[in-house]
Each structure stands twice: as C-alpha cells, then as structure tokens.
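These notes are about the structure you will find just below.
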Amino acid sequence: MNMHIALRPMQEKDLDALCTLVVNEEIKKTYMLPDFEDRLAADRMARRLMALSLEETHFVRGIYADGALAGFLNDVEEENGRIEIGYVVHPDHWNKGVATAAVKLAIKALFEKGFHTVRAAHFTENPASGRVMQKAGMHRIAYEDDFEYRGSWHHCIFYEITK
C-alpha cells in the first residue's frame, strides 16, 4: 500500500464524503446504519459523527487515505478498560489495506489512551472484515452474538487484542 493513512477528527469539508458513506448500500449490508428518509436525515447523522470526533469522551475518527475521507471508525462500547470499535471504509478503498492500517492506528491510539483491550466484530457474511482484524493483530475470541438488522438475524464473530 502506497497510500498515507491517518485517523483524525472530521471537519465540515468532509460532510459530503461522510454523507456518501452513511447512505452507501454496500456499507449498509455489513455495518449497522439506518435508512434515512432524505438527505437531511443523513446530513444530521454525519454532523453528529463529526461532532463526536471532536469529543475526548468518544473515539470517533475519520479514516483518511492520502488526505481524503475514505471511512470512519467509532467506539461502540466501553467497559472496564476494554473498548469495542466499528469501522467503515468506502468500497472504492476495499482490498487496498486502508481498513487494516486504520484499525492498527486505532489500536495504537486506544492503548495510548489507557485501554488495555480493543475489541471488534463482524457479521459472518463479511469474512473480509475478520481478515482485517487478524492483520491488525487481533485474535478471534470465544464470544459470539446474534443481532437483528434490516429484518434478518446476523451472527457476529468477535476479535480482541490486549496490550
């Protein structure tokens, strides 16, 4: 991969790219996002993600590939020094190492923030995300769960890395 990947708070100039991510039908197959009734609703969610990316109490970051917003990463749950993250990368950047580089950067940053364990999960129908987690140094754990999303049940496989 020859791209420069960075994680950072999102800015107003990223709004269109962020809206494109949250309404992308391919992304919504494997990342739990609502259907928005219109562009205004998608815009509201994108603005909320941007605002959260500026807060120290949350870990929400834009994933930038060569300076352009290519995805985002967010905290899902925190408990006793463990944080679960989720991530989205635009399909144009799939299979290019962007997600793996972003997850590695997130793990490093979260360990520096004091977390001792970073967890992530993927639907069984999205094995590519499991490969991203493995390449980022995470290991599959015994915990699995099922979630209802878009009218279907999805089995989730969990991975962790401990400092």
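Ordering of the structure tokens sets the chain letters (A, B, ...), residue numbers begin anew at 1 in every chain, and ligands are numbered from 1 in the order given.
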* Asked: What's the 12 Å shell around Lys113 (chain A), counting only C-alpha atoms, without same-chain residues fewer than 4 positions away, as a list of chain:residue names?
  ->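 Contacts, with the query itself left out: A:Glu56, A:Thr57, A:His58, A:Phe59, A:Gly81, A:Arg82, A:Ile83, A:Ala106, A:Ile107, A:Lys108, A:Ala109, A:Thr117, A:Val118, A:Lys163.
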Find the residues around region 129-140 of chain A up to 6 Å (only C-alpha atoms counted), leave out those fewer than 4 positions away in its own chain, and share them as a list in words.
-> Thr100, Lys104, Phe158, Tyr159, Glu160 and Ile161 of chain A
### Query
Any idea what's packed within 9 Å of Asp14 (chain A), counting only C-alpha atoms, ignoring anything in its chain fewer than 4 positions away? Could you give it as JSON, numbers by chain?
{"A": [10, 18, 19, 50, 62, 68, 69]}
Take the residues from that selection and write them out as a CSV table (one decimal), in the first residue's frame, keeping all heavy atoms.
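Printed below is selection-v2.csv as written:
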```csv
chain,number,residue,atom,x,y,z
A,10,MET,N,-13.1,14.6,12.1
A,10,MET,CA,-13.7,15.1,10.8
A,10,MET,C,-14.0,16.5,10.8
A,10,MET,O,-14.3,17.1,11.8
A,10,MET,CB,-14.8,14.2,10.4
A,10,MET,CG,-14.4,12.7,10.2
A,10,MET,SD,-15.8,11.6,10.0
A,10,MET,CE,-16.2,11.2,11.7
A,18,LEU,N,-18.7,12.1,4.0
A,18,LEU,CA,-19.3,11.4,5.2
A,18,LEU,C,-20.7,11.0,4.9
A,18,LEU,O,-21.1,9.8,5.1
A,18,LEU,CB,-19.2,12.2,6.4
A,18,LEU,CG,-19.5,11.5,7.7
A,18,LEU,CD1,-18.8,10.2,7.9
A,18,LEU,CD2,-19.3,12.5,8.9
A,19,CYS,N,-21.5,11.9,4.3
A,19,CYS,CA,-22.9,11.5,3.9
A,19,CYS,C,-22.9,10.4,2.9
A,19,CYS,O,-23.7,9.5,3.0
A,19,CYS,CB,-23.6,12.7,3.3
A,19,CYS,SG,-24.2,13.9,4.6
A,50,MET,N,-19.4,13.9,13.1
A,50,MET,CA,-18.3,14.9,13.1
A,50,MET,C,-18.1,15.5,14.5
A,50,MET,O,-17.0,15.7,14.9
A,50,MET,CB,-18.6,16.0,12.1
A,50,MET,CG,-18.4,15.6,10.6
A,50,MET,SD,-18.4,16.9,9.4
A,50,MET,CE,-19.8,17.9,9.8
A,62,GLY,N,-12.2,10.1,11.6
A,62,GLY,CA,-12.3,9.9,10.1
A,62,GLY,C,-11.1,9.1,9.7
A,62,GLY,O,-10.0,9.2,10.3
A,68,ALA,N,-7.9,12.4,1.9
A,68,ALA,CA,-9.3,12.4,1.6
A,68,ALA,C,-10.0,11.4,2.5
A,68,ALA,O,-9.5,10.3,2.8
A,68,ALA,CB,-9.6,12.0,0.2
A,69,LEU,N,-11.2,11.8,3.0
A,69,LEU,CA,-12.0,10.9,3.9
A,69,LEU,C,-12.4,9.7,3.1
A,69,LEU,O,-13.1,9.7,2.1
A,69,LEU,CB,-13.3,11.6,4.4
A,69,LEU,CG,-14.1,10.9,5.4
A,69,LEU,CD1,-13.3,10.7,6.7
A,69,LEU,CD2,-15.4,11.5,5.6
```
Contact check, region 45-154 of chain A to region 27-38 of chain A, at most 9 Å, counting only C-alpha atoms, closest pairs as CSV:
```
residue,atom,partner,partner_atom,distance
A:Gly86,CA,A:Tyr31,CA,8.0
A:Tyr87,CA,A:Tyr31,CA,7.8
A:Val88,CA,A:Ile27,CA,7.0
A:Val89,CA,A:Ile27,CA,7.8
A:His90,CA,A:Ile27,CA,7.2
A:Pro91,CA,A:Ile27,CA,7.5
A:His122,CA,A:Thr30,CA,7.6
A:Phe123,CA,A:Thr30,CA,6.5
A:Glu125,CA,A:Thr30,CA,7.9
A:Asn126,CA,A:Thr30,CA,6.7
A:Tyr149,CA,A:Met32,CA,7.0
A:Arg150,CA,A:Met32,CA,8.6
```
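The two atoms in question, CA of Gln11 (chain A) and CA of Ala128 (chain A), are spaced 28.7 Å apart.
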Nearest residue to Gly71 (chain A) out of A:Leu110, A:Met45, A:Leu40, A:Leu7, using only C-alpha atoms?
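Closest to Gly71 (chain A), using only C-alpha atoms: A:Leu7.
Going from CA of Glu26 (chain A) over to CA of Val60 (chain A), you cover 21.1 Å.
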_Please list as a list in words every residue within 8 Å of Ala65 (chain A), counting only C-alpha atoms and excluding residues in the same chain fewer than 3 positions away._
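The filter keeps Met3, His4, Ile5, Ala6, Ala68, Leu69, Ala70 and Val98 of chain A.
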* **In region 38-112 of chain A, DSSP strand (DSSP E or B) residues written as a count of residues only** => 26
Item to complete: May I have all residues of chain A that DSSP, computed from the backbone, assigns to helix (DSSP H, G or I), given as a PyMOL selection string?
Response: chain A and resi 12-23+25-28+39-53+91-93+98-112+127-135
Top pick for closest residue to Arg47 (chain A), considering A:Leu73, A:Ala121, A:Ala17, A:Ala102 and counting only C-alpha atoms: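 Nearest candidate to Arg47 (chain A) out of A:Leu73, A:Ala121, A:Ala17, A:Ala102: A:Ala17.
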inquiry  = Which residue is closest to Tyr64 (chain A)? Choose from A:Cys156, A:Ala99, A:Ala41, A:Ile85 and count only C-alpha atoms.
reply    =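 Of A:Cys156, A:Ala99, A:Ala41, A:Ile85, the one nearest Tyr64 (chain A), counting only C-alpha atoms, is A:Ala99.
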